[in-house]
Every structure is written in C-alpha cells, then in structure tokens.
Amino acid sequence: MTQGFIKVTESAQEYLLGLLAKQDSAGMGVRIFVERPGTPHAECCMAYCAAGEAEPTDEKIELEGFNAYIDGPSVPYLQDAVIDYAKDRMGGQLTFRAPKSKVPQIDDNASVEQKINYILYSEINPQLASHGGNVQLVELLEDETLAVLKFGGGCQGCGMVDVTLKQGIEKTLLEKVPQLKRVTDTTDHTVRENAYFK
C-alpha cells in the first residue's frame with residue numbers, strides 16, 4: 001500500500017496486524033517517525049499508537065485492519081520509504097528503508113549547518129562516492145564562518161584531498177553559503193589503507 005510517500009508492503013501489514021492484535025486494545029495503530037531527521041544520525045522509528053494518542057499534525061494512513069500515523073514533521077524525510085517484512089528460517093524481519101531520512105531539507109529559514117549538510121549530502125558526497133569517499137561537517141566555529149569537515153572512506157589519506165577540499169568543496173560551499181568564510185579539514189590523513197590516490 002502506498003500513500004504518496006511511504007509504501008507498507010502486504011507482508012509488513014500482515015505482520016504488524018499480528019503484533020497489534022496481541023496488544024488487545026481497540027483502535028491500536030502504529031506511529032511512524034524519524035528521530036534526528038536530515039542528519040547522518042537519522043533513525044526511522046515505529047511505535048504503538050493507542051486510539052486517541054495520534055498528534056494533530058500526524059498524517060493518517062488506513063492500512064489493512066489498522067491505521068498508521070505519520071509524524072507531520074517527518075513526512076519529507078519519509079518520501080520513497082518502504083516498510084517490508086521478509087520471512088526466513090528464524091521467523092522473519094521487519095525492514096524500514098527511508099533513503100531521504102538522512103538528507104537535510106532546507107528552505108530560506110535553514111540554519112548554516114542545515115545548508116552545509118544539504119550541499120554535502122546532495123551534491124558533494126555523491127561525487128566522492130565514486131572514489132569510495134565521503135565528507136561530513138564536524139562543527140562550525142568563529143560565529144559560523146568556519147566549517148570544520150572530516151573526510152572518510154577513500155578520501156582519508158588520499159593524495160588529492162587538498163585539491164578536492166580547496167578547489168571543489170570549499171569553492172562550492174563558499175559560493176552557496178555566503179555566511180561561510182573558510183573551510184578546514186580535521187581528518188588524520190596519515191591513515192592511508194583505503195585512500196583512492198596514495
């Protein structure tokens with residue numbers, strides 16, 4: 001079943017209905033939300049939702065035998081999400097994939113941190129991924145004019161990282177986030193096992 005942004009497969013609905021039946025509470029449903037959305041630490045969560053416990057901003061989805069309530073602020077992070085249940089020898093496993101849960105959503109009111117994370121995740125990391133690398137924001141310093149980044153994967157210890165930082169990442173970030181004045185790197189580049197260029 002798809003509700004514009006989230007798909008709950010038939011096997012997942014059947015599994016969840018079985019769990020809800022054990023709660024022995026009329027009108028029991030599930031509430032779906034994302035904790036720390038738009039960050040590298042985002043986690044997709046599901047909890048029981050007793051009748052009348054849904055928030056006024058929740059979006060209600062009618063499923064087979066029960067309702068799911070989607071946390072209003074989590075909706076943009078749950079676009080293209082899939083909840084599935086796969087049976088196996090040990091019983092089975094419920095999986096929850098939400099590819100946009102870690103991608104920052106930004107608008108004109110977004111903070112400097114949100115804007116930087118958005119650019120890193122939507123533009124820069126997809127390019128670095130071709131070399132098995134990635135970069136993330138560690139912190140903002142000097143009244144949010146200095147971005148401190150850390151490289152990982154194939155970028156850690158890479159001989160081209162200075163070029164990537166100065167001519168690629170810093171140039172892009174300074175252009176798109178006018179508040180920034182400098183970008184620096186805290187990565188220990190002496191660790192070179194996975195480096196793309198040694």
# chains A, B, ... in the order shown; residues from 1 in each chain; ligands from 1
>>> residues_around(residues="stretch 98-114 of chain A", least_positions_apart="5", cutoff="9 Å", atoms="only C-alpha atoms", output="PyMOL selection string")
chain A and resi 6+34-44+74+76-83+119+121-122+137+139-140+144+147+177+179-180
>>> select_by_dssp(residues="chain A", states="strand (DSSP E)", output="short mmCIF file (atom, residue, chain, number, x, y, z; two decimals) with C-alpha atoms, in the first residue's frame")
data_model
loop_
_atom_site.label_atom_id
_atom_site.label_comp_id
_atom_site.auth_asym_id
_atom_site.auth_seq_id
_atom_site.Cartn_x
_atom_site.Cartn_y
_atom_site.Cartn_z
CA ILE A 6 5.50 5.65 2.07
CA LYS A 7 4.92 2.06 0.99
CA VAL A 8 3.92 -0.61 3.50
CA GLY A 29 -2.29 1.52 15.39
CA VAL A 30 1.32 2.43 14.73
CA ARG A 31 3.05 5.78 14.68
CA ILE A 32 5.94 6.27 12.26
CA PHE A 33 8.55 9.00 12.73
CA VAL A 34 12.18 9.91 12.13
CA GLU A 35 14.47 10.82 15.02
CA GLU A 43 16.77 6.82 12.61
CA CYS A 44 13.39 5.64 11.35
CA CYS A 45 11.13 4.55 14.20
CA MET A 46 7.79 2.89 14.70
CA ALA A 47 5.82 2.71 17.95
CA TYR A 48 2.40 1.54 19.09
CA CYS A 49 -0.21 4.29 18.93
CA GLU A 59 -0.94 12.13 8.62
CA LYS A 60 -3.25 9.12 8.89
CA ILE A 61 -2.88 6.18 6.52
CA GLU A 62 -5.53 3.47 6.52
CA ASN A 67 -4.12 2.82 10.88
CA ALA A 68 -0.61 4.22 10.64
CA TYR A 69 0.02 7.77 11.82
CA ILE A 70 2.94 9.55 10.20
CA ALA A 81 10.20 4.95 2.26
CA VAL A 82 9.41 1.22 2.21
CA ILE A 83 8.39 -0.90 5.18
CA ASP A 84 8.64 -4.61 4.39
CA TYR A 85 8.59 -7.94 6.19
CA ALA A 86 10.60 -10.90 4.92
CA GLN A 93 12.48 -9.46 9.87
CA LEU A 94 10.73 -6.13 9.50
CA THR A 95 12.80 -3.69 7.46
CA PHE A 96 12.34 0.05 7.18
CA ARG A 97 14.19 1.81 4.37
CA GLY A 133 34.84 8.54 -0.15
CA ASN A 134 32.66 10.91 1.84
CA VAL A 135 32.87 14.07 3.88
CA GLN A 136 30.84 15.33 6.81
CA LEU A 137 30.52 18.51 8.84
CA VAL A 138 32.11 18.18 12.29
CA GLU A 139 31.36 21.66 13.65
CA LEU A 140 31.02 25.35 12.88
CA LEU A 141 33.41 27.83 14.52
CA LEU A 146 34.43 28.43 9.59
CA ALA A 147 33.24 24.95 8.64
CA VAL A 148 35.28 22.05 10.03
CA LEU A 149 34.96 18.93 7.87
CA LYS A 150 36.12 15.33 8.19
CA PHE A 151 36.81 13.00 5.28
CA GLY A 152 36.20 9.26 5.34
CA GLY A 153 36.45 6.19 3.12
CA ARG A 182 36.68 29.35 5.39
CA VAL A 183 36.57 25.56 5.27
CA THR A 184 39.10 23.33 7.05
CA ASP A 185 39.74 19.60 7.44
#
>>> closest_residue(among="A:Ala12, A:Ala51, A:Met28, A:Cys155", to="A:Asn125", atoms="only C-alpha atoms")
A:Cys155
>>> closest_residue(among="A:Leu174, A:Gly65, A:Asp88, A:Gly154", to="A:Ala21", atoms="only C-alpha atoms")
A:Gly65
>>> closest_residue(among="A:Ser130, A:Phe66, A:Ser11, A:Lys181", to="A:Glu142", atoms="only C-alpha atoms")
A:Lys181
>>> select_by_dssp(residues="stretch 46-129 of chain A", states="alpha helix (DSSP H)", output="MDAnalysis selection string")
chainID A and resid 112:119 125:128
>>> residues_around(residues="A:Thr172", least_positions_apart="4", cutoff="10 Å", atoms="only C-alpha atoms", output="PyMOL selection string")
chain A and resi 116+119-120+123-124+165-168+176-177
>>> write_last_selection(atoms="N, CA and C atoms", output="PDB file, in the first residue's frame")
ATOM      1  N   ILE A 116      24.839  23.584   4.861  1.00  0.00           N
ATOM      2  CA  ILE A 116      26.087  22.871   4.570  1.00  0.00           C
ATOM      3  C   ILE A 116      25.811  21.384   4.426  1.00  0.00           C
ATOM      4  N   ILE A 119      24.156  20.525   1.111  1.00  0.00           N
ATOM      5  CA  ILE A 119      25.082  20.557  -0.031  1.00  0.00           C
ATOM      6  C   ILE A 119      26.009  19.337   0.002  1.00  0.00           C
ATOM      7  N   LEU A 120      26.502  18.990   1.201  1.00  0.00           N
ATOM      8  CA  LEU A 120      27.385  17.827   1.315  1.00  0.00           C
ATOM      9  C   LEU A 120      26.666  16.554   0.879  1.00  0.00           C
ATOM     10  N   GLU A 123      25.069  17.076  -3.137  1.00  0.00           N
ATOM     11  CA  GLU A 123      25.964  17.367  -4.260  1.00  0.00           C
ATOM     12  C   GLU A 123      27.354  16.763  -4.132  1.00  0.00           C
ATOM     13  N   ILE A 124      27.988  16.984  -2.977  1.00  0.00           N
ATOM     14  CA  ILE A 124      29.401  16.631  -2.845  1.00  0.00           C
ATOM     15  C   ILE A 124      29.607  15.136  -2.588  1.00  0.00           C
ATOM     16  N   LEU A 165      39.437  19.484  -1.447  1.00  0.00           N
ATOM     17  CA  LEU A 165      38.928  20.411  -0.422  1.00  0.00           C
ATOM     18  C   LEU A 165      38.900  21.843  -0.943  1.00  0.00           C
ATOM     19  N   LYS A 166      40.026  22.329  -1.450  1.00  0.00           N
ATOM     20  CA  LYS A 166      40.137  23.752  -1.823  1.00  0.00           C
ATOM     21  C   LYS A 166      39.390  24.083  -3.119  1.00  0.00           C
ATOM     22  N   GLN A 167      39.611  23.286  -4.165  1.00  0.00           N
ATOM     23  CA  GLN A 167      39.040  23.645  -5.464  1.00  0.00           C
ATOM     24  C   GLN A 167      37.633  23.109  -5.672  1.00  0.00           C
ATOM     25  N   GLY A 168      37.254  22.118  -4.887  1.00  0.00           N
ATOM     26  CA  GLY A 168      35.922  21.546  -5.054  1.00  0.00           C
ATOM     27  C   GLY A 168      34.976  21.933  -3.932  1.00  0.00           C
ATOM     28  N   LYS A 176      27.719  28.847  -2.182  1.00  0.00           N
ATOM     29  CA  LYS A 176      26.313  28.585  -1.873  1.00  0.00           C
ATOM     30  C   LYS A 176      25.895  28.963  -0.461  1.00  0.00           C
ATOM     31  N   VAL A 177      26.863  29.145   0.436  1.00  0.00           N
ATOM     32  CA  VAL A 177      26.554  29.546   1.815  1.00  0.00           C
ATOM     33  C   VAL A 177      27.377  30.803   2.110  1.00  0.00           C
TER      34      VAL A 177
END
>>> atom_distance(atom1="atom CA of A:Val161", atom2="atom CA of A:His131")
11.5 Å
